[in-house]
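> Please find one structure pasted underneath; my questions will follow.
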Amino acid sequence: MSHPPSALKPVLDRASRWVLEQDTRREQDGDFEQEREGRAHERTHPWWQVMCLTGVDYFSTLGYQPGIAALAAGAVSPFATLVLVLVTLFGALPMYRRVAEDSPHGDGSISMLERLLTYWPSKFLVLTLIGFVATGFIITITLSAADAAAHVIENPFLKPALEGHQVGVTLLLLLLLGAVFLKGFKEAMGIAVVLVVAYLSLSALVIGRGLQLVAEQPHVIRDWLGALHSGFGSPLALLGAALLVFPKLALGLSGFETGVVVMPLIQGDAGDTETRPAGRIRNGKKLLTTAALLMSAFLLSSSLVTTLLIPAAEFQPGGSANGRALAYLAHETLGEWLGTAYDVSTIGILWFAGASAMAGLLNIVPRYLPRYGMAPEWSRLHRPLVLIYLLIAFVVTAAFRADVDAQAAAYATGVLAMMTSAAVAVGLTAARRRQRQRAWTFGVISAIFVYTSAVTVISNPQGLLIALLFIVLVLAVGISSRVSRSFELRVSQVQFDEAAIQQLKTHPIRPLRFVCHHPGRANEAEYSRQELRVRQMVHLPDDVPFLFLEVEVDDASEFTDVVEVTGLQVGPYSILKARGSSIPNTIAAVLLHLRGKGAPPQVYMRWTEESPLQLALDFVIGGRGDVPPLTREILRRAEPDRDRRPIVHVGG
């Protein structure tokens, strides 16, 4: 095996240290509802500025949504968009306002479902949802970059030089995005505000000019209504067609989940507390409502003017308006220079939409997976994650040849899965609280999103297949990490009650000796038999005192835990009862906690007689397993010094 030249080694070492350096700017106290230690306060911002940060994702869909709608629905596009707007205002908006109220610390709808379930089902549900979230965010990055590249190439000043290089331009934009995050992404808020204001202003200018042309040419409305009348015999048929096409327009629903994930950045009231940040919740609702109203107005008006003014052939693959309807209209109605200005704003916001998605991805992994033990320790660092996400984005871009239309199904699948899970979470939460009217309302909303998701998957199963690949990847990484990290100590704190402390004080002899005993058989005769077995098994003299140690598993699916130890006296026998997520890890934690300055504690156990495979699975899944060797291995890894390491005796 060859090694790098000695001259390169310092450079490689510096690069490695830089990649693995923790970016403390990302850390924030209270950002995660269940993982707050070590988080430094991050500056908050007015809600409208944070809306711009989420808006680079949400509002950027205007860059391709009108074109996709016209391609999918034709003349029905404005009515299908109207259905989308109604679902946005009366479905997604009230649903996510509820999520903001119930999960104001940035955990989003996933944490609501996590709280509704327990044990392993909760963990695997979260992992599955993270797979869908990863699908939505990764495809957001690649689709937005691909669409930005399309706008670059279609610009009349650049087309001669860049035509045919869609993949190369897309990969270059992805590299620039990765460079921003590797650098640190300090000025994200300011950049987002400038991009959103510029883009929405120019979009309003283009749409306004389009509406003016429609008013000057009333025949385009007559032609459109005539096409609808000839194609659909009744308003009901038209409504049915709009409902059938609506799932293909689900891209316009993106951005809501991001809106609740970034809530910790929203400035609240001076009297806000961590348990009840009323000001943050109120401003978070303002953010969601304002974004939904703005987007609804832009979606409806843009769909109308592009359908009326752009020839249908231009929306088809290869057409000048394919994936860039408003940009096409800007060049046609405002001239090449204003059209180019619109291209620049569109390219900027589409590119930065990937930044919003990248920020979401960088929050999702540290938020959940380390807490489950289902991610390596370096996953808390953002630079290695950026490189991994960038590599995945490269692979996805190459696989789809940077085609916007080809990625739409996967994007819609990820977005709809997030929104469906949010609707179900809100509905189930309302039902658990016996809020019947809300439960029924959100039940209907859940049904709408389930229908939309089903139609999307049935019409184009490729999106689901891609999502399943991400889910399998998340599960594979999570399970392998959980197995490899099972031998960590995994205990954040050991707490003794007063009775346990008093028992330890009555046993001043060192080393402390413990005899492991299965909990549940707490009578003096049983403890007497166990004492006799242990003394015979390890030749422990009758005058050497010991304490019984019993461990109960409370939730084996939790990776880290606070071990609570209580004291109990049964006749002459002193018993310490501990509760933790894993028997070997809990025993090791108690022994290490009690070793003090003298001889380390000793524990006595018996060999287990079940099959090794069954015991291995029982350890990973049930927190039990072959306790003696597992305890010893955990102690060995936690304490390298053999003289300071507690001793495990095994017999029988």
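Order determines the names: the first chain of the structure tokens is A, the second B, and so forth; residues in each chain are numbered 1 upward, and ligands are numbered 1 upward as they are shown.
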Using backbone DSSP assignments, extract all helix (DSSP H, G or I) residues from stretch 211-366 of chain A; output them as number ranges by chain.
A: 211-216, 219-231, 235-253, 256-261, 263-265, 278-309, 312-315, 325-334, 336-366
> So that I can check the surroundings of A:Phe559, please list as a PyMOL selection string every protein, DNA and RNA residue that reaches within 8 Å of it, counting only C-alpha atoms and ignoring chain neighbours fewer than 2 positions away.
chain A and resi 371-373+490+556-557+561+581
> Between A:Ala327, A:Thr413, A:Glu257, A:Gly580, which has the minimum distance to A:Ile458 (counting only C-alpha atoms)?
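Smallest distance to A:Ile458 is found for A:Thr413.
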> May I have the residues within 9 Å of stretch 294-305 of chain A as a tab-separated table (two decimals) with N, CA and C atoms, in the first residue's frame, using only C-alpha atoms and disregarding those fewer than 5 positions away in the same chain?

```tsv
chain	number	residue	atom	x	y	z
A	58	TYR	N	-39.32	27.92	-1.00
A	58	TYR	CA	-40.76	27.97	-1.31
A	58	TYR	C	-41.04	28.82	-2.55
A	59	PHE	N	-40.57	30.07	-2.56
A	59	PHE	CA	-40.87	30.97	-3.67
A	59	PHE	C	-40.15	30.57	-4.95
A	62	LEU	N	-41.70	29.01	-8.22
A	62	LEU	CA	-42.26	29.78	-9.33
A	62	LEU	C	-41.40	29.67	-10.57
A	65	GLN	N	-42.73	25.86	-11.54
A	65	GLN	CA	-44.09	25.41	-11.31
A	65	GLN	C	-45.04	25.75	-12.46
A	66	PRO	N	-45.10	27.01	-12.98
A	66	PRO	CA	-46.05	27.29	-14.06
A	66	PRO	C	-45.81	26.43	-15.30
A	67	GLY	N	-44.54	26.18	-15.62
A	67	GLY	CA	-44.24	25.34	-16.77
A	67	GLY	C	-44.65	23.90	-16.56
A	69	ALA	N	-47.00	22.89	-14.52
A	69	ALA	CA	-48.47	22.87	-14.48
A	69	ALA	C	-49.04	22.88	-15.90
A	70	ALA	N	-48.50	23.75	-16.77
A	70	ALA	CA	-49.00	23.82	-18.14
A	70	ALA	C	-48.71	22.53	-18.90
A	77	SER	N	-54.70	24.19	-16.53
A	77	SER	CA	-53.68	24.56	-15.56
A	77	SER	C	-54.15	25.58	-14.53
A	78	PRO	N	-54.81	26.70	-14.92
A	78	PRO	CA	-55.24	27.66	-13.88
A	78	PRO	C	-56.22	27.07	-12.88
A	79	PHE	N	-57.11	26.17	-13.31
A	79	PHE	CA	-58.06	25.57	-12.38
A	79	PHE	C	-57.37	24.56	-11.47
A	81	THR	N	-54.29	24.81	-10.60
A	81	THR	CA	-53.53	25.65	-9.67
A	81	THR	C	-54.44	26.23	-8.60
A	82	LEU	N	-55.70	26.54	-8.97
A	82	LEU	CA	-56.66	27.03	-7.98
A	82	LEU	C	-56.91	25.96	-6.91
A	84	LEU	N	-54.76	23.75	-6.02
A	84	LEU	CA	-53.53	23.78	-5.22
A	84	LEU	C	-53.56	24.91	-4.20
A	85	VAL	N	-54.02	26.08	-4.62
A	85	VAL	CA	-54.10	27.23	-3.72
A	85	VAL	C	-55.08	26.96	-2.59
A	86	LEU	N	-56.22	26.37	-2.90
A	86	LEU	CA	-57.21	26.06	-1.86
A	86	LEU	C	-56.65	25.06	-0.85
A	88	THR	N	-53.51	24.70	-0.19
A	88	THR	CA	-52.49	25.43	0.55
A	88	THR	C	-53.09	26.24	1.69
A	89	LEU	N	-54.14	27.02	1.37
A	89	LEU	CA	-54.70	27.95	2.35
A	89	LEU	C	-55.58	27.28	3.39
A	200	LEU	N	-39.16	38.25	-6.22
A	200	LEU	CA	-40.59	38.50	-6.18
A	200	LEU	C	-40.95	39.81	-6.86
A	203	SER	N	-40.75	39.08	-10.54
A	203	SER	CA	-41.86	38.19	-10.91
A	203	SER	C	-43.17	38.97	-10.99
A	204	ALA	N	-43.37	39.86	-10.02
A	204	ALA	CA	-44.57	40.70	-10.05
A	204	ALA	C	-44.59	41.57	-11.29
A	206	VAL	N	-43.17	40.87	-14.24
A	206	VAL	CA	-43.48	40.01	-15.39
A	206	VAL	C	-44.96	39.65	-15.42
A	207	ILE	N	-45.51	39.25	-14.27
A	207	ILE	CA	-46.92	38.86	-14.21
A	207	ILE	C	-47.81	40.06	-14.49
A	208	GLY	N	-47.45	41.23	-13.94
A	208	GLY	CA	-48.22	42.44	-14.20
A	208	GLY	C	-48.25	42.78	-15.68
A	210	GLY	N	-47.85	40.67	-18.07
A	210	GLY	CA	-48.65	39.64	-18.71
A	210	GLY	C	-50.14	39.91	-18.58
A	211	LEU	N	-50.58	40.31	-17.39
A	211	LEU	CA	-52.00	40.63	-17.20
A	211	LEU	C	-52.40	41.83	-18.06
A	213	LEU	N	-51.15	42.58	-21.00
A	213	LEU	CA	-51.29	42.07	-22.36
A	213	LEU	C	-52.59	41.29	-22.53
A	214	VAL	N	-52.96	40.53	-21.50
A	214	VAL	CA	-54.23	39.79	-21.57
A	214	VAL	C	-55.40	40.77	-21.67
A	252	GLY	N	-45.72	22.84	-5.69
A	252	GLY	CA	-46.04	24.15	-5.15
A	252	GLY	C	-46.35	24.14	-3.66
A	289	THR	N	-48.27	32.11	7.42
A	289	THR	CA	-49.45	32.70	6.78
A	289	THR	C	-49.05	33.65	5.66
A	310	ILE	N	-48.49	31.91	-23.62
A	310	ILE	CA	-47.40	31.08	-24.17
A	310	ILE	C	-48.00	29.95	-25.01
A	325	ALA	N	-41.23	29.00	-17.58
A	325	ALA	CA	-42.32	29.72	-18.24
A	325	ALA	C	-42.25	31.22	-18.00
A	326	LEU	N	-42.07	31.66	-16.74
A	326	LEU	CA	-42.03	33.09	-16.45
A	326	LEU	C	-40.79	33.74	-17.07
A	329	LEU	N	-41.58	34.33	-20.64
A	329	LEU	CA	-42.49	35.47	-20.76
A	329	LEU	C	-41.75	36.79	-20.52
```
> Residues at most 10 Å from A:Gly360, counting only C-alpha atoms, excluding those fewer than 2 positions away in the same chain, as a list in words?
Thr54, Val133, Ala134, Phe137, Ile138, Glu257, Thr258, Val261, Val262, Gly354, Ala355, Ser356, Ala357, Met358, Leu362, Asn363, Ile364 and Val365 of chain A
> Save the residues we just selected, N, CA and C atoms, as an mmCIF file, in the first residue's frame?

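So out.cif came out as:
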```
data_model
loop_
_atom_site.group_PDB
_atom_site.id
_atom_site.type_symbol
_atom_site.label_atom_id
_atom_site.label_comp_id
_atom_site.auth_asym_id
_atom_site.auth_seq_id
_atom_site.Cartn_x
_atom_site.Cartn_y
_atom_site.Cartn_z
ATOM 1 N N THR A 54 -36.575 30.747 4.346
ATOM 2 C CA THR A 54 -37.362 29.601 3.883
ATOM 3 C C THR A 54 -37.917 29.845 2.490
ATOM 4 N N VAL A 133 -37.689 12.797 3.961
ATOM 5 C CA VAL A 133 -37.178 14.163 4.067
ATOM 6 C C VAL A 133 -35.894 14.305 3.250
ATOM 7 N N ALA A 134 -35.009 13.315 3.375
ATOM 8 C CA ALA A 134 -33.763 13.352 2.601
ATOM 9 C C ALA A 134 -34.058 13.355 1.110
ATOM 10 N N PHE A 137 -35.281 16.916 0.241
ATOM 11 C CA PHE A 137 -34.239 17.936 0.306
ATOM 12 C C PHE A 137 -33.145 17.716 -0.742
ATOM 13 N N ILE A 138 -32.715 16.472 -0.930
ATOM 14 C CA ILE A 138 -31.679 16.208 -1.935
ATOM 15 C C ILE A 138 -32.194 16.555 -3.326
ATOM 16 N N GLU A 257 -42.569 22.588 5.644
ATOM 17 C CA GLU A 257 -41.773 21.872 6.651
ATOM 18 C C GLU A 257 -40.527 22.672 7.017
ATOM 19 N N THR A 258 -39.896 23.287 6.006
ATOM 20 C CA THR A 258 -38.742 24.129 6.293
ATOM 21 C C THR A 258 -39.133 25.291 7.194
ATOM 22 N N VAL A 261 -39.097 24.083 10.727
ATOM 23 C CA VAL A 261 -37.773 23.638 11.165
ATOM 24 C C VAL A 261 -36.909 24.818 11.594
ATOM 25 N N VAL A 262 -37.096 25.982 10.951
ATOM 26 C CA VAL A 262 -36.242 27.132 11.263
ATOM 27 C C VAL A 262 -36.842 28.009 12.352
ATOM 28 N N GLY A 354 -31.367 25.444 -3.069
ATOM 29 C CA GLY A 354 -30.562 24.313 -2.641
ATOM 30 C C GLY A 354 -29.882 24.573 -1.316
ATOM 31 N N ALA A 355 -29.525 25.840 -1.054
ATOM 32 C CA ALA A 355 -28.920 26.186 0.233
ATOM 33 C C ALA A 355 -29.906 25.967 1.366
ATOM 34 N N SER A 356 -31.161 26.348 1.156
ATOM 35 C CA SER A 356 -32.194 26.131 2.166
ATOM 36 C C SER A 356 -32.359 24.641 2.454
ATOM 37 N N ALA A 357 -32.385 23.846 1.378
ATOM 38 C CA ALA A 357 -32.526 22.398 1.562
ATOM 39 C C ALA A 357 -31.301 21.806 2.252
ATOM 40 N N MET A 358 -30.110 22.298 1.902
ATOM 41 C CA MET A 358 -28.892 21.809 2.545
ATOM 42 C C MET A 358 -28.913 22.113 4.035
ATOM 43 N N LEU A 362 -28.661 19.442 7.088
ATOM 44 C CA LEU A 362 -27.639 19.533 8.131
ATOM 45 C C LEU A 362 -28.254 19.600 9.521
ATOM 46 N N ASN A 363 -29.525 19.965 9.616
ATOM 47 C CA ASN A 363 -30.215 19.957 10.904
ATOM 48 C C ASN A 363 -30.823 18.607 11.224
ATOM 49 N N ILE A 364 -31.294 17.899 10.205
ATOM 50 C CA ILE A 364 -32.042 16.663 10.437
ATOM 51 C C ILE A 364 -31.169 15.586 11.075
ATOM 52 N N VAL A 365 -29.974 15.363 10.539
ATOM 53 C CA VAL A 365 -29.128 14.272 11.052
ATOM 54 C C VAL A 365 -28.708 14.501 12.502
#
```
